[in-house]
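Chemist: Below is the structure I would like to discuss, written out as structure tokens.
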Amino acid sequence: MKLWGGRFTKSTDSFTDHFHSSISFDSRMYQEDITGSMAHAAMLGKQGIIPQGDANLIIKTLQEILTDIEQGEVSFDEKAEDIHMNVESILISRIGDVGKRLHTGRSRNDQVALDTRMYTKKEIITIQALVKELMEVLNSLAEKHTETIMPGYTHLQRAQPVTLAHHLLAYIEMFKRDYDRLTDCFKRTDVLPLGSGALATTTYPLDREFVATQLGFSAITQNSMDGVSDRDFCIELVSDLSILMMHLSRFCEEIILWSSHEFRFIELDDAYSTGSSIMPQKKNPDMAELIRGKTGRVYGHLMGLLTTMKGLPLAYNKDMQEDKEALFGAIDTIKMCVPVFTNMLATVTVREQNMLEAAKGGFTNATDAADWLVKQGVPFRDAHEIIGKLVLYCIQNNTNLDDLSLNKYQAISPVFDESVYAAISVKQCVEARNVVGGPAKAVTTKAIETNKAYLNSL
Ligand code: ARG
């Protein structure tokens with residue numbers, strides 16, 4: 001017997017039951033559903049909407065159902081559609097008519113909105129903890145590498161020398177913003193929709209503030225039609241997670257490049273690499289590739305959600321049941337990717353010498369050579385031209401600016417003297433950039449300390 005069966009004369013087609021049932025995926029919200037119902041029942045009793053004794057029995061039985069589910073003693077029924085009606089049916093099967101009073105002043109529409117918000121809030125906190133751990137690992141890795149010089153790139157061409165710390169600190173900035181976005185999303189998720197009813201509230205004297213306090217919500221929704229039909233918080237979370245995945249994916253791309261034989265900047269730990277079934281020499285960065293690959297899956301969930309919502313008239317429509325697999329899929333993916341990524345970085349071996357040689361080998365000090373000329377009074381455009389000619393000479397003669405004789409320098413411009421060599425050492429190039437946001441050791445060390453204070457404050 002369906003809980004909504006009164007106006008029907010026939011039972012649903014069994015394939016229809018299968019088609020529209022969501023229990024296979026929304027059962028994961030059992031805890032939120034039951035806790036939400038317990039608060040609702042407590043409020044109904046307190047307000048005298050149902051007898052207090054009935055409210056107490058409902059709450060006690062819901063607690064027992066929760067325990068039974070946790071112990072694996074409950075099997076859900078597809079015919080009962082979703083987690084909400086499964087729990088309610090079990091309640092009624094245990095305490096009969098008293099259980100039938102639970103749904104007073106409530107609709108599945110505000111109930112599902114409540115459960116989804118509670119679940120989303122819980123997961124935001126879990127994900128933030130994972131992002132925090134990631135930032136901690138990055139920050140301690142940065143701390144070890146404030147003097148590890150490497151080339152910084154633009155267009156994937158060696159550009160100017162930086163340090164590994166500086167590079168890692170760039171990613172910490174991204175992850176800080178990701179963390180902040182999640183905090184922000186939490187604020188908008190932390191609003192209780194229960195009391196919206198099906199769409200137009202209810203005639204019962206519900207105490208929504210009481211339920212909000214019981215369930216740890218900071219506010220209650222202010223319009224019932226919005227309360228049941230808003231899925232912005234899901235879209236916002238999946239959008240935040242998409243940005244987080246995009247950051248991980250960029251980093252993964254670098255890890256893949258850096259662990260290639262062409263770069264040899266890092267070596268991944270065996271625990272985070274795989275071999276080839278045919279090529280005995282291979283050590284592949286599969287984890288980084290998979291994270292990069294799974295980024296597409298999270299973007300897909302975002303597009304799915306946006307598309308599901310775009311044409312829906314107010315208020316609730318069954319289309320909205322499609323929100324859950326997208327939301328859950330994005331959350332599950334992130335919860336796998338972030339820890340794998342963190343551990344992959346925590347165990348990486350850095351090939352400092354190779355990084356240094358790459359920084360020295362790619363004319364990354366050419367800007368500093370031009371700046372040296374400017375400091376001697378040469379206009380920047382002329383300095384650029386002079387150094388460009390010297391670089392061309394070096395390329396043609398397979399050498400670099402550090403090894404070029406003073407005679408060669410002076411043949412192109414008489415302004416040069418011995419002091420140019422000190423100015424263009426890659427170490428000096430890094431140390432001279434000691435302004436806010438720069439790669440100099442003093443600056444990155446300060447940034448690392450600031451990050452530590454920030455991470456401790458989270
Ligand atoms: N399983 C449904 C969902 O996830 C619950 C709400 C159903 N409401 C309704 N009026 N059919 O959206």
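Order determines the names: the first chain of the structure tokens is A, the second B, and so forth; residues in each chain are numbered 1 upward, and ligands are numbered 1 upward as they are shown.
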Can you list every residue in region 175-310 of chain A that DSSP puts in strand (DSSP E or B), as a VMD selection string?

Modeler: chain A and resid 191 to 192 219 to 220 266 to 267 274 284

Chemist: Residues within 9 Å of ligand 1 should be enumerated using only C-alpha atoms and all ligand atoms and returned as a list of chain:residue names.

Modeler: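 Final answer, ordered by chain and number: A:His20, A:Ser21, A:Ser22, A:Ile23, A:Asp26, A:Glu81, A:Asp82, A:Ile83, A:His84, A:Met85, A:Ser107, A:Arg108, A:Asn109, A:Asp110, A:Gln111, A:Val112, A:Ala113, A:Thr116, A:Ala198, A:Tyr316, A:Asn317, A:Lys318, A:Asp319, A:Met320, A:Gln321, A:Glu322, A:Asp323, A:Lys324.
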
Chemist: Contacts of Leu62 (chain A) at 9 Å or less, counting only C-alpha atoms, minus same-chain residues fewer than 6 places along, as a list in words?

Modeler: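 Counting only the stated atoms, we get Ile34, Thr35, Ser37, Met38, Val87 and Leu91 of chain A.
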
Chemist: So that I can see what lies close to region 369-376 of chain A, please list as a PyMOL selection string the residues with an atom at most 8 Å from it, counting only C-alpha atoms and leaving out residues fewer than 2 positions away in the same chain.

Modeler: chain A and resi 365-367+378-380+383-384+386-387+415-416+420+423-424

Chemist: Please indicate the distance in Å from CA of Leu248 (chain A) to CA of Val430 (chain A), rounded to one decimal place.

Modeler: 26.2 Å

Chemist: May I ask for the distance between CA of Ala42 (chain A) and CA of Gly6 (chain A), given in Å to one decimal place?

Modeler: 27.5 Å

Chemist: How many Å separate CA of His301 (chain A) from CA of Glu78 (chain A)?

Modeler: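 These atoms are spaced 24.6 Å apart.
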
Chemist: Mind checking DSSP for region 221-290 of chain A and telling me the alpha helix (DSSP H) residues as a PyMOL selection string?

Modeler: chain A and resi 224-229+232-258+286-290

Chemist: Pick from A:Glu262, A:Asn86, A:Arg158, A:Arg250: nearest to Gly293 (chain A), with only C-alpha atoms counted?

Modeler: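 Checking each of A:Glu262, A:Asn86, A:Arg158, A:Arg250 against Gly293 (chain A), counting only C-alpha atoms, the winner is A:Arg250.
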
Chemist: Residues within 12 Å of region 143-149 of chain A, please, as an MDAnalysis selection string. Count only C-alpha atoms; anything in the same chain fewer than 2 positions from it doesn't count.

Modeler: chainID A and resid 136:141 151:152 160:169 265 346 349:360 364 425:431 438:452

Chemist: Tell me which protein, DNA and RNA residues are within 10 Å of Ser259 (chain A), counting only C-alpha atoms, leaving out same-chain ones fewer than 2 positions away, and put them as a PDB file with N, CA and C atoms, in the first residue's frame.

Modeler:
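The result, stored in selection-v9.pdb:
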ATOM      1  N   GLU A 254      51.044  19.300 -14.004  1.00  0.00           N
ATOM      2  CA  GLU A 254      52.450  19.618 -13.739  1.00  0.00           C
ATOM      3  C   GLU A 254      53.184  18.419 -13.159  1.00  0.00           C
ATOM      4  N   ILE A 255      52.484  17.690 -12.290  1.00  0.00           N
ATOM      5  CA  ILE A 255      53.116  16.501 -11.700  1.00  0.00           C
ATOM      6  C   ILE A 255      53.434  15.480 -12.797  1.00  0.00           C
ATOM      7  N   ILE A 256      52.520  15.363 -13.729  1.00  0.00           N
ATOM      8  CA  ILE A 256      52.726  14.428 -14.845  1.00  0.00           C
ATOM      9  C   ILE A 256      53.938  14.874 -15.674  1.00  0.00           C
ATOM     10  N   LEU A 257      53.984  16.161 -15.966  1.00  0.00           N
ATOM     11  CA  LEU A 257      55.127  16.689 -16.727  1.00  0.00           C
ATOM     12  C   LEU A 257      56.426  16.533 -15.938  1.00  0.00           C
ATOM     13  N   HIS A 261      60.523  11.800 -18.064  1.00  0.00           N
ATOM     14  CA  HIS A 261      61.971  11.739 -18.230  1.00  0.00           C
ATOM     15  C   HIS A 261      62.499  13.051 -18.814  1.00  0.00           C
ATOM     16  N   GLU A 262      61.647  13.754 -19.536  1.00  0.00           N
ATOM     17  CA  GLU A 262      62.056  15.024 -20.137  1.00  0.00           C
ATOM     18  C   GLU A 262      62.334  16.080 -19.060  1.00  0.00           C
ATOM     19  N   PHE A 263      61.531  16.081 -18.021  1.00  0.00           N
ATOM     20  CA  PHE A 263      61.725  17.055 -16.934  1.00  0.00           C
ATOM     21  C   PHE A 263      62.600  16.483 -15.808  1.00  0.00           C
ATOM     22  N   ARG A 264      62.194  15.329 -15.324  1.00  0.00           N
ATOM     23  CA  ARG A 264      62.832  14.691 -14.158  1.00  0.00           C
ATOM     24  C   ARG A 264      62.992  15.647 -12.970  1.00  0.00           C
ATOM     25  N   PHE A 265      61.952  16.420 -12.690  1.00  0.00           N
ATOM     26  CA  PHE A 265      61.982  17.329 -11.533  1.00  0.00           C
ATOM     27  C   PHE A 265      61.589  16.588 -10.254  1.00  0.00           C
ATOM     28  N   ILE A 266      60.739  15.587 -10.407  1.00  0.00           N
ATOM     29  CA  ILE A 266      60.255  14.858  -9.223  1.00  0.00           C
ATOM     30  C   ILE A 266      60.186  13.365  -9.536  1.00  0.00           C
ATOM     31  N   GLU A 267      60.135  12.586  -8.465  1.00  0.00           N
ATOM     32  CA  GLU A 267      59.798  11.180  -8.653  1.00  0.00           C
ATOM     33  C   GLU A 267      58.674  10.840  -7.680  1.00  0.00           C
ATOM     34  N   LEU A 268      57.616  10.270  -8.227  1.00  0.00           N
ATOM     35  CA  LEU A 268      56.491   9.891  -7.383  1.00  0.00           C
ATOM     36  C   LEU A 268      56.836   8.623  -6.626  1.00  0.00           C
ATOM     37  N   LYS A 283      57.000   3.636 -15.166  1.00  0.00           N
ATOM     38  CA  LYS A 283      56.423   4.023 -13.880  1.00  0.00           C
ATOM     39  C   LYS A 283      55.505   5.193 -14.206  1.00  0.00           C
ATOM     40  N   ASN A 284      54.241   4.934 -14.173  1.00  0.00           N
ATOM     41  CA  ASN A 284      53.285   5.918 -14.685  1.00  0.00           C
ATOM     42  C   ASN A 284      52.593   6.711 -13.574  1.00  0.00           C
ATOM     43  N   PRO A 285      52.356   7.994 -13.826  1.00  0.00           N
ATOM     44  CA  PRO A 285      51.680   8.832 -12.815  1.00  0.00           C
ATOM     45  C   PRO A 285      50.159   8.703 -12.908  1.00  0.00           C
ATOM     46  N   VAL A 348      56.360  12.654  -2.355  1.00  0.00           N
ATOM     47  CA  VAL A 348      57.111  12.893  -3.592  1.00  0.00           C
ATOM     48  C   VAL A 348      58.599  13.129  -3.290  1.00  0.00           C
ATOM     49  N   THR A 349      59.450  12.697  -4.192  1.00  0.00           N
ATOM     50  CA  THR A 349      60.882  13.006  -4.069  1.00  0.00           C
ATOM     51  C   THR A 349      61.189  14.128  -5.056  1.00  0.00           C
ATOM     52  N   VAL A 350      61.846  15.173  -4.560  1.00  0.00           N
ATOM     53  CA  VAL A 350      62.155  16.324  -5.413  1.00  0.00           C
ATOM     54  C   VAL A 350      63.595  16.192  -5.909  1.00  0.00           C
ATOM     55  N   ARG A 351      63.775  16.316  -7.197  1.00  0.00           N
ATOM     56  CA  ARG A 351      65.118  16.252  -7.796  1.00  0.00           C
ATOM     57  C   ARG A 351      65.640  17.684  -7.923  1.00  0.00           C
TER      58      ARG A 351
END

Chemist: Fewer than 5 positions away in the same chain doesn't count, so skip those; otherwise give me all residues within 10 Å of Pro339 (chain A), counting only C-alpha atoms, as JSON, numbers by chain.

Modeler: {"A": [127, 130, 131, 133, 134, 334, 344, 345]}
